[in-house]
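Chemist: I have a structure I would like to understand better, so I am pasting it below and will then ask my questions one at a time.
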Amino acid sequence: MDKENQTKRRGPLSDLRVIELGQLIAGPFCGQMFADMGADVIKVEPPGQGDPLRDWGREGFPLWWSVCARGKRCITLNLREPEGQDVLKQLVAGADFLIENFRPGTLEKWGLGYDALKAINPRLIMIRVSGYGQTGPYASRPGYASVGEAFGGVRYVMGEPDRKPSRAGISFGDSLAGLFSAFGALAALHHRDRTGEGQVIDTSIYESVLAFMEGLVPEFQFEGYTRERSGSVLPSIAPSNIYDGSDGMVIIAANQPTVFARLCKAIDRPELVEDPRFSTHAARGANMAELDAIINSWTVSRTIEDVERAMIAAEVPVGKVFRASDMLEDPHYKARESLVKVASERWPGMMQQNVVPKLSKTPGSIRWAGPDRLGQHTAEVLADLLDLTPDQVEKLQKSGIV
């Protein structure tokens, strides 16, 4: 990989340094967003084992790591030992943020709690991600994304009504927690710019999920209504579903009266607009299954391209249900560079999702895929930031600290 590309950071956060202690997904996803926007993200992993995400994926293809660790410098450091704790404290002295997603109390046990680190760097912003938060009776429980999604309410409403709740196929509870953590960190940075004070960001996975649950709680509180699983549709919202084409699946969303009228004309069924079963929003919701069957009978004999062409001409929202293969070939993806080629030693030509959002003046960028070798940047970081000599680094390596 191009060494210059690694060191020449660009983007709105290129003057910031982040120490990332997190493993797996929530903390590292937060760090990924900082790296995408130009920050110097130094990921700290335990010697000998590293982040378990390095090995996640189909056998022989641990590709997720290359996305989550992209743009970061990775070092090893044994935080269980006093010498390793001392090295971290030296790194923290010059950092803006520290991200961690250990079980609450772990850093305090190692003498690395916020009070200890704030004494070294009063401007430090500590981002703490956990399943249940840093306080409350459940704080000490282990909390993965799946548990947080259940506790936050989203798992109950996902899936078909006659089956147990399903999952989304991604660990989105972790990603939401990482997203909210980054948002909170930038709010804290704004406060620090005005006051000089650092602070703690306390993000729980379950509350990150809960924040996305729309009106679920007040609906029960004031109506006694409990949202249930409804498969691929939203109750009372029709037509808005996945329909079969002759060569795939397509979503059509036409639940507004004017849009529904255009849909009916496009499928040569203009009489449906006046049909008492479908003439009002409430009627369409009550007779959703019948309406979906009518629409599906029209789409099933047509290709997705034909369905899209007809719906676009009628100004009806429509979209193919995309897979990765579709994304790689789609002209809109290409025009917006939604996927970009990322420098990687192990996976040359790798395509990854681009930085979101797009900034017009100071866009972020992906400098390289996650480093393949454990501790790949240890010597470099310790020399650059702490002025350690090669002999000093070698001594730390021999003692198992790095």
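Order determines the names: the first chain of the structure tokens is A, the second B, and so forth; residues in each chain are numbered 1 upward, and ligands are numbered 1 upward as they are shown.
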Enumerate the residues of stretch 140-345 of chain A with a DSSP assignment of strand (DSSP E or B), computed from the backbone, and present them as a ChimeraX atom specification.
Modeler: /A:200-204,240-245,248-253,318-320,339-341
Chemist: How many Å lie between atom CA of A:Trp64 and atom CA of A:Asp174, rounded to one decimal?
Modeler: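 About the pair atom CA of A:Trp64 and atom CA of A:Asp174: they are 14.0 Å apart.
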Chemist: Show which residues sit within 10 Å of A:Tyr144, as a CSV table (one decimal) with C-alpha atoms, in the first residue's frame. Count only C-alpha atoms, and ignore same-chain residues fewer than 5 positions away.
Modeler:
```
chain,number,residue,atom,x,y,z
A,24,LEU,CA,-15.9,-6.4,17.6
A,25,ILE,CA,-18.5,-3.9,16.3
A,26,ALA,CA,-20.0,-1.0,18.3
A,130,SER,CA,-22.0,-0.9,26.5
A,131,GLY,CA,-25.1,-3.1,26.3
A,132,TYR,CA,-27.0,-1.4,29.2
A,149,GLU,CA,-32.1,-5.2,20.1
A,171,SER,CA,-25.8,-6.4,13.8
A,173,GLY,CA,-27.8,-2.5,17.3
A,174,ASP,CA,-24.0,-2.2,17.4
A,205,ILE,CA,-26.9,-0.4,22.7
A,206,TYR,CA,-30.5,-0.8,24.0
```
Chemist: Report as a tab-separated table: every residue of stretch 120-199 of chain A with an atom at most 7 Å from stretch 30-49 of chain A, its closest pair of atoms, and their distance in Å to one decimal, counting only C-alpha atoms, with rows sorted by chain and ascending residue number.
Modeler:
```
residue	atom	partner	partner_atom	distance
A:Gly178	CA	A:Cys30	CA	4.3
A:Leu179	CA	A:Cys30	CA	6.1
A:Ser181	CA	A:Cys30	CA	6.5
A:Ala182	CA	A:Cys30	CA	5.7
```
Chemist: I need the residues of stretch 245-395 of chain A that end up classed as alpha helix (DSSP H) by DSSP on the backbone, written out as an MDAnalysis selection string.
Modeler: chainID A and resid 257:266 281:286 288:299 304:313 324:329 331:336 378:386 390:395
